[in-house]
>>> print(open('final_1.tsv').read())   # TSV, C-alpha atoms
chain	number	residue	atom	x	y	z
A	1	MET	CA	101.87	53.98	203.16
A	2	VAL	CA	98.86	51.74	203.65
A	3	PRO	CA	96.18	52.64	201.08
A	4	VAL	CA	93.13	54.55	202.23
A	5	GLN	CA	90.15	52.18	202.43
A	6	LEU	CA	86.70	53.73	202.37
A	7	SER	CA	83.26	52.22	202.89
A	8	THR	CA	80.53	52.41	200.24
A	9	ALA	CA	78.59	54.91	202.33
A	10	THR	CA	81.63	57.19	202.66
A	11	VAL	CA	82.37	57.02	198.93
A	12	SER	CA	78.74	57.86	198.18
A	13	LYS	CA	79.00	61.01	200.32
A	14	LEU	CA	82.32	62.00	198.73
A	15	THR	CA	81.27	61.55	195.11
A	16	GLY	CA	77.50	62.01	195.04
A	17	ALA	CA	77.04	58.56	193.49
A	18	SER	CA	74.10	56.74	195.08
A	19	LEU	CA	74.54	53.47	196.96
A	20	ARG	CA	72.50	51.75	194.25
A	21	MET	CA	74.77	53.10	191.51
A	22	LEU	CA	77.92	52.02	193.35
A	23	ASP	CA	76.46	48.56	193.89
A	24	TYR	CA	75.53	48.25	190.21
A	25	TRP	CA	78.92	49.46	188.99
A	26	ALA	CA	80.65	46.98	191.32
A	27	ARG	CA	78.46	44.02	190.32
A	28	THR	CA	78.80	44.73	186.59
A	29	LYS	CA	82.59	45.18	186.94
A	30	LEU	CA	82.50	48.77	185.70
A	31	LEU	CA	84.24	49.73	188.91
A	32	PRO	CA	84.74	46.96	191.47
A	33	PRO	CA	86.44	48.34	194.60
A	34	SER	CA	90.22	48.03	194.68
A	35	GLY	CA	90.39	47.71	198.46
A	36	GLN	CA	88.05	44.78	199.03
A	37	GLU	CA	85.11	43.28	197.18
A	38	ALA	CA	82.06	41.98	198.99
A	39	ARG	CA	82.41	38.24	199.64
A	40	GLY	CA	79.11	36.97	200.95
A	41	LYS	CA	76.78	38.07	203.71
A	42	GLY	CA	78.31	40.34	206.33
A	43	SER	CA	81.28	41.42	204.20
A	44	ARG	CA	81.61	44.92	202.82
A	45	ARG	CA	83.23	46.68	199.91
A	46	LEU	CA	86.24	48.91	200.54
A	47	TYR	CA	87.29	51.58	198.07
A	48	THR	CA	90.65	53.30	197.55
A	49	PHE	CA	91.53	56.90	196.62
A	50	GLN	CA	92.05	55.71	193.06
A	51	ASP	CA	88.48	54.39	193.03
A	52	VAL	CA	87.14	57.73	194.28
A	53	VAL	CA	88.78	59.57	191.37
A	54	ALA	CA	87.40	57.04	188.89
A	55	ILE	CA	83.89	57.32	190.39
A	56	LEU	CA	84.01	61.12	190.16
A	57	THR	CA	85.04	60.70	186.53
A	58	ILE	CA	82.13	58.35	185.84
A	59	CYS	CA	79.66	60.76	187.45
A	60	LYS	CA	80.91	63.69	185.38
A	61	LEU	CA	80.79	61.71	182.13
A	62	ARG	CA	77.30	60.35	182.90
A	63	GLU	CA	76.11	63.92	183.48
A	64	ARG	CA	77.14	64.54	179.88
A	65	LYS	CA	75.15	61.51	178.62
A	66	CYS	CA	78.24	59.46	177.75
A	67	PRO	CA	77.44	55.72	177.27
A	68	LEU	CA	78.65	53.33	179.96
A	69	GLN	CA	80.63	51.26	177.44
A	70	GLN	CA	82.84	54.23	176.56
A	71	ILE	CA	83.14	55.07	180.24
A	72	ARG	CA	84.32	51.52	180.95
A	73	THR	CA	87.18	52.05	178.50
A	74	ALA	CA	88.07	55.42	180.01
A	75	VAL	CA	88.04	54.09	183.57
A	76	ARG	CA	90.24	51.11	182.64
A	77	TYR	CA	92.75	53.53	181.13
A	78	LEU	CA	92.58	55.83	184.14
A	79	LYS	CA	93.16	53.03	186.67
A	80	ALA	CA	95.95	51.47	184.61
A	81	HIS	CA	97.95	54.62	183.87
A	82	TYR	CA	97.37	56.84	186.91
A	83	PRO	CA	97.29	54.67	190.05
A	84	ASP	CA	99.30	57.02	192.27
A	85	ALA	CA	97.29	59.49	194.37
A	86	LYS	CA	100.36	61.73	194.68
A	87	ALA	CA	100.28	62.45	190.94
A	88	ALA	CA	97.56	65.11	191.33
A	89	GLU	CA	99.95	68.01	190.73
A	90	THR	CA	101.41	66.55	187.54
A	91	LEU	CA	97.96	65.77	186.15
A	92	ALA	CA	96.56	69.26	186.63
A	93	ARG	CA	96.28	69.84	182.85
A	94	LEU	CA	95.03	66.38	181.95
A	95	THR	CA	91.48	66.38	180.59
A	96	LEU	CA	88.94	63.76	179.57
A	97	ILE	CA	86.37	65.01	177.06
A	98	THR	CA	83.29	63.43	175.55
A	99	ASP	CA	80.93	64.35	172.75
A	100	GLY	CA	78.27	62.07	174.21
A	101	ARG	CA	79.56	59.07	172.23
A	102	ASP	CA	83.32	58.79	172.70
A	103	VAL	CA	85.83	59.70	175.42
A	104	TYR	CA	89.06	61.48	174.53
A	105	LEU	CA	92.17	61.84	176.66
A	106	LEU	CA	93.86	65.15	175.94
A	107	THR	CA	96.98	66.73	177.43
A	108	ASP	CA	97.64	69.58	174.98
A	109	GLU	CA	95.56	72.75	174.75
A	110	ARG	CA	96.03	72.97	170.97
A	111	GLN	CA	94.72	69.44	170.59
A	112	VAL	CA	91.66	70.37	172.65
A	113	MET	CA	90.97	73.30	170.32
A	114	ASN	CA	91.30	71.10	167.24
A	115	VAL	CA	88.69	68.70	168.56
A	116	VAL	CA	86.38	71.50	169.66
A	117	THR	CA	86.41	73.06	166.19
A	118	ARG	CA	85.22	69.76	164.65
A	119	GLN	CA	82.41	68.98	167.09
A	120	TRP	CA	80.95	70.09	170.41
A	121	VAL	CA	82.49	68.41	173.45
A	122	TRP	CA	82.18	68.53	177.22
A	123	SER	CA	85.38	68.57	179.26
A	124	VAL	CA	86.12	66.70	182.49
A	125	PRO	CA	89.36	68.04	184.06
A	126	LEU	CA	90.85	64.92	185.62
A	127	GLY	CA	93.53	66.81	187.52
A	128	LEU	CA	90.92	68.91	189.30
A	129	LEU	CA	88.96	65.78	190.21
A	130	ILE	CA	92.09	64.19	191.67
A	131	THR	CA	92.85	67.31	193.69
A	132	GLU	CA	89.24	67.55	194.87
A	133	ALA	CA	89.18	63.88	195.88
A	134	SER	CA	92.53	64.22	197.66
A	135	GLN	CA	91.30	67.16	199.72
A	136	LYS	CA	88.08	65.35	200.70
A	137	VAL	CA	89.85	62.12	201.62
A	138	GLU	CA	92.42	63.98	203.73
A	139	LEU	CA	89.58	65.26	205.91
A	140	LEU	CA	88.19	61.77	206.54
A	141	PRO	CA	89.02	59.65	209.60
A	142	GLN	CA	90.88	56.90	207.75
A	143	GLU	CA	90.30	53.35	208.94
A	144	TRP	CA	91.33	49.87	207.79
A	145	SER	CA	92.04	46.41	209.22
A	146	GLU	CA	95.16	44.31	209.61
A	147	THR	CA	95.54	40.75	210.87
A	148	LEU	CA	98.58	39.46	212.77
A	149	LYS	CA	99.15	35.78	213.53
A	150	PHE	CA	101.11	34.34	216.43
A	151	SER	CA	101.25	30.61	217.23
A	152	GLY	CA	98.33	29.85	214.96
A	153	ARG	CA	96.05	32.48	216.49
A	154	SER	CA	94.84	35.58	214.66
A	155	TYR	CA	94.78	39.06	216.17
A	156	ARG	CA	92.69	41.60	214.29
A	157	LEU	CA	93.86	45.19	214.41
A	158	ARG	CA	91.66	48.21	213.85
A	159	MET	CA	93.91	50.84	212.28
A	160	THR	CA	92.80	54.47	212.28
A	161	LYS	CA	94.23	57.85	211.43
A	162	ASP	CA	94.10	60.18	214.41
A	163	GLY	CA	92.85	63.39	212.88
A	164	ASN	CA	93.16	65.38	216.10
A	165	ALA	CA	96.58	64.39	217.46
A	166	GLY	CA	98.11	63.32	214.15
A	167	GLY	CA	99.68	59.94	213.47
A	168	TYR	CA	97.95	56.55	213.56
A	169	VAL	CA	96.41	54.27	216.17
A	170	ALA	CA	96.19	50.45	216.32
A	171	GLU	CA	93.67	48.66	218.55
A	172	CYS	CA	93.24	44.90	218.91
A	173	ARG	CA	89.80	43.31	219.19
A	174	GLU	CA	91.13	40.21	220.95
A	175	LEU	CA	93.02	42.28	223.53
A	176	PRO	CA	90.64	44.80	225.17
A	177	GLY	CA	92.41	48.00	226.09
A	178	PHE	CA	95.33	47.35	223.74
A	179	MET	CA	96.44	50.48	221.87
A	180	GLN	CA	99.56	51.59	220.05
A	181	ARG	CA	100.32	54.98	218.47
A	182	ALA	CA	102.91	56.01	215.89
A	183	ARG	CA	103.50	58.66	213.24
A	184	THR	CA	103.03	56.41	210.19
A	185	PRO	CA	100.87	53.36	209.33
A	186	ALA	CA	103.97	51.16	208.93
A	187	ALA	CA	105.38	52.31	212.27
A	188	VAL	CA	102.16	51.70	214.20
A	189	LEU	CA	101.85	48.24	212.65
A	190	ARG	CA	105.42	47.39	213.71
A	191	ALA	CA	104.75	48.71	217.20
A	192	ALA	CA	101.55	46.66	217.50
A	193	ARG	CA	103.30	43.52	216.29
A	194	ALA	CA	106.14	43.97	218.79
A	195	ALA	CA	103.77	44.78	221.66
A	196	ILE	CA	101.54	41.75	221.05
A	197	LYS	CA	104.56	39.48	220.70
A	198	ALA	CA	106.03	40.80	223.97
A	199	MET	CA	102.68	40.43	225.73
A	200	LEU	CA	102.28	36.84	224.60
A	201	ALA	CA	105.85	36.02	225.62
A	202	PHE	CA	105.22	37.51	229.06
A	203	HIS	CA	102.06	35.43	229.57
A	204	GLU	CA	103.86	32.30	228.41
A	205	ARG	CA	106.71	32.86	230.89
A	206	ARG	CA	104.23	33.47	233.69
A	207	GLN	CA	102.34	30.28	232.88
A	208	GLN	CA	105.60	28.33	232.81
A	209	ALA	CA	106.55	29.79	236.21
A	210	ARG	CA	103.17	28.83	237.65
A	211	ALA	CA	103.47	25.32	236.26
A	212	ALA	CA	106.97	24.97	237.75
A	213	ALA	CA	105.76	26.24	241.14
A	214	HIS	CA	102.88	23.77	241.07
A	215	VAL	CA	105.24	20.86	240.37
A	216	VAL	CA	107.56	21.93	243.18
A	217	GLY	CA	104.66	22.34	245.56
>>> encode(input="final_1.tsv", output="structure tokens")
Amino acid sequence: MVPVQLSTATVSKLTGASLRMLDYWARTKLLPPSGQEARGKGSRRLYTFQDVVAILTICKLRERKCPLQQIRTAVRYLKAHYPDAKAAETLARLTLITDGRDVYLLTDERQVMNVVTRQWVWSVPLGLLITEASQKVELLPQEWSETLKFSGRSYRLRMTKDGNAGGYVAECRELPGFMQRARTPAAVLRAARAAIKAMLAFHERRQQARAAAHVVG
């Protein structure tokens, strides 16, 4: 499935992180967006589900006064070891905890108790954050872009999830009125590719017929 790609404004609403915070975390490489980084004027950052979970984690740890350097280490571990959004169920008992200085990754309740008896800690249940993020993202109208090339020309597709009818929709900026629907992102992309290719072939045949008629005339 094509990854969910979310704008900075949408991520801010989902996580509670301000636009300024997201910009700072992206520029300092604490959490650059996995979907697309900003590349000059007019471009925009695009975040993935994985990024949303990491941002929620950062927000929770910052609430507990954990230093950014320790959070950087925790986020790197999170993104490297748990990249699959579908893992929410299996991570339900996974917990990140911090004592305000360090971040611990704990998966065993007895281990949590051992740490708690030595010093006071705050817990961040990662599994719950993943489930929460998954539920919020599922309610969003998903949107991303694809580019198809035929004969050296680019056709930009606006891909969206149809929250009302279900399935996905592809529209082409260069072809006003063009629209394809399918049940999955991969299927709608295949349908759009085939439709554009057939349309271009039809126009080419018509132009050839006109040229032949002109020569005969």
>>> closest_residue(input="final_1.tsv", among="A:Ser34, A:Val188, A:Val124, A:Tyr77", to="Arg62 in chain A", atoms="all atoms listed in the file")
A:Val124
>>> atom_distance(input="final_1.tsv", atom1="CA of Leu148 in chain A", atom2="CA of Arg193 in chain A")
7.2 Å
>>> residues_around(input="final_1.tsv", residues="range 150-164 of chain A", least_positions_apart="2", cutoff="12 Å", atoms="only C-alpha atoms", output="PyMOL selection string")
chain A and resi 1-6+137-148+166-176+178-201+204
>>> atom_distance(input="final_1.tsv", atom1="CA of Arg101 in chain A", atom2="CA of Trp25 in chain A")
19.3 Å
>>> atom_distance(input="final_1.tsv", atom1="CA of Ser134 in chain A", atom2="CA of Thr28 in chain A")
26.3 Å
>>> residues_around(input="final_1.tsv", residues="Leu68 in chain A", least_positions_apart="2", cutoff="12 Å", atoms="only C-alpha atoms", output="MDAnalysis selection string")
chainID A and resid 24:25 28:31 57:66 70:75 98 100:103
>>> write_last_selection(input="final_1.tsv", atoms="C-alpha atoms", output="short mmCIF file (atom, residue, chain, number, x, y, z; two decimals), in the coordinates of the input")
data_model
loop_
_atom_site.label_atom_id
_atom_site.label_comp_id
_atom_site.auth_asym_id
_atom_site.auth_seq_id
_atom_site.Cartn_x
_atom_site.Cartn_y
_atom_site.Cartn_z
CA TYR A 24 75.53 48.25 190.21
CA TRP A 25 78.92 49.46 188.99
CA THR A 28 78.80 44.73 186.59
CA LYS A 29 82.59 45.18 186.94
CA LEU A 30 82.50 48.77 185.70
CA LEU A 31 84.24 49.73 188.91
CA THR A 57 85.04 60.70 186.53
CA ILE A 58 82.13 58.35 185.84
CA CYS A 59 79.66 60.76 187.45
CA LYS A 60 80.91 63.69 185.38
CA LEU A 61 80.79 61.71 182.13
CA ARG A 62 77.30 60.35 182.90
CA GLU A 63 76.11 63.92 183.48
CA ARG A 64 77.14 64.54 179.88
CA LYS A 65 75.15 61.51 178.62
CA CYS A 66 78.24 59.46 177.75
CA GLN A 70 82.84 54.23 176.56
CA ILE A 71 83.14 55.07 180.24
CA ARG A 72 84.32 51.52 180.95
CA THR A 73 87.18 52.05 178.50
CA ALA A 74 88.07 55.42 180.01
CA VAL A 75 88.04 54.09 183.57
CA THR A 98 83.29 63.43 175.55
CA GLY A 100 78.27 62.07 174.21
CA ARG A 101 79.56 59.07 172.23
CA ASP A 102 83.32 58.79 172.70
CA VAL A 103 85.83 59.70 175.42
#
>>> closest_residue(input="final_1.tsv", among="A:Leu96, A:Ala17, A:Ala211, A:Ile130", to="Ile55 in chain A", atoms="all atoms listed in the file")
A:Ala17
>>> closest_residue(input="final_1.tsv", among="A:Val11, A:Met21, A:Ala80, A:Ala26", to="Tyr47 in chain A", atoms="only C-alpha atoms")
A:Val11
>>> closest_residue(input="final_1.tsv", among="A:Leu128, A:Ala213, A:Val53, A:Leu46", to="Thr10 in chain A", atoms="all atoms listed in the file")
A:Leu46
>>> closest_residue(input="final_1.tsv", among="A:Glu132, A:Leu56, A:Gln50, A:Arg206", to="Gly16 in chain A", atoms="all atoms listed in the file")
A:Leu56
>>> axis_aligned_box(input="final_1.tsv", around="range 61-71 of chain A", padding_each_side="3 Å", output="lines of an AutoDock Vina configuration file")
center_x = 79.1
center_y = 57.9
center_z = 180.0
size_x = 14.0
size_y = 19.3
size_z = 12.9
>>> closest_residue(input="final_1.tsv", among="A:Gly35, A:Pro67, A:Asp99, A:Phe49", to="Thr15 in chain A", atoms="all atoms listed in the file")
A:Phe49
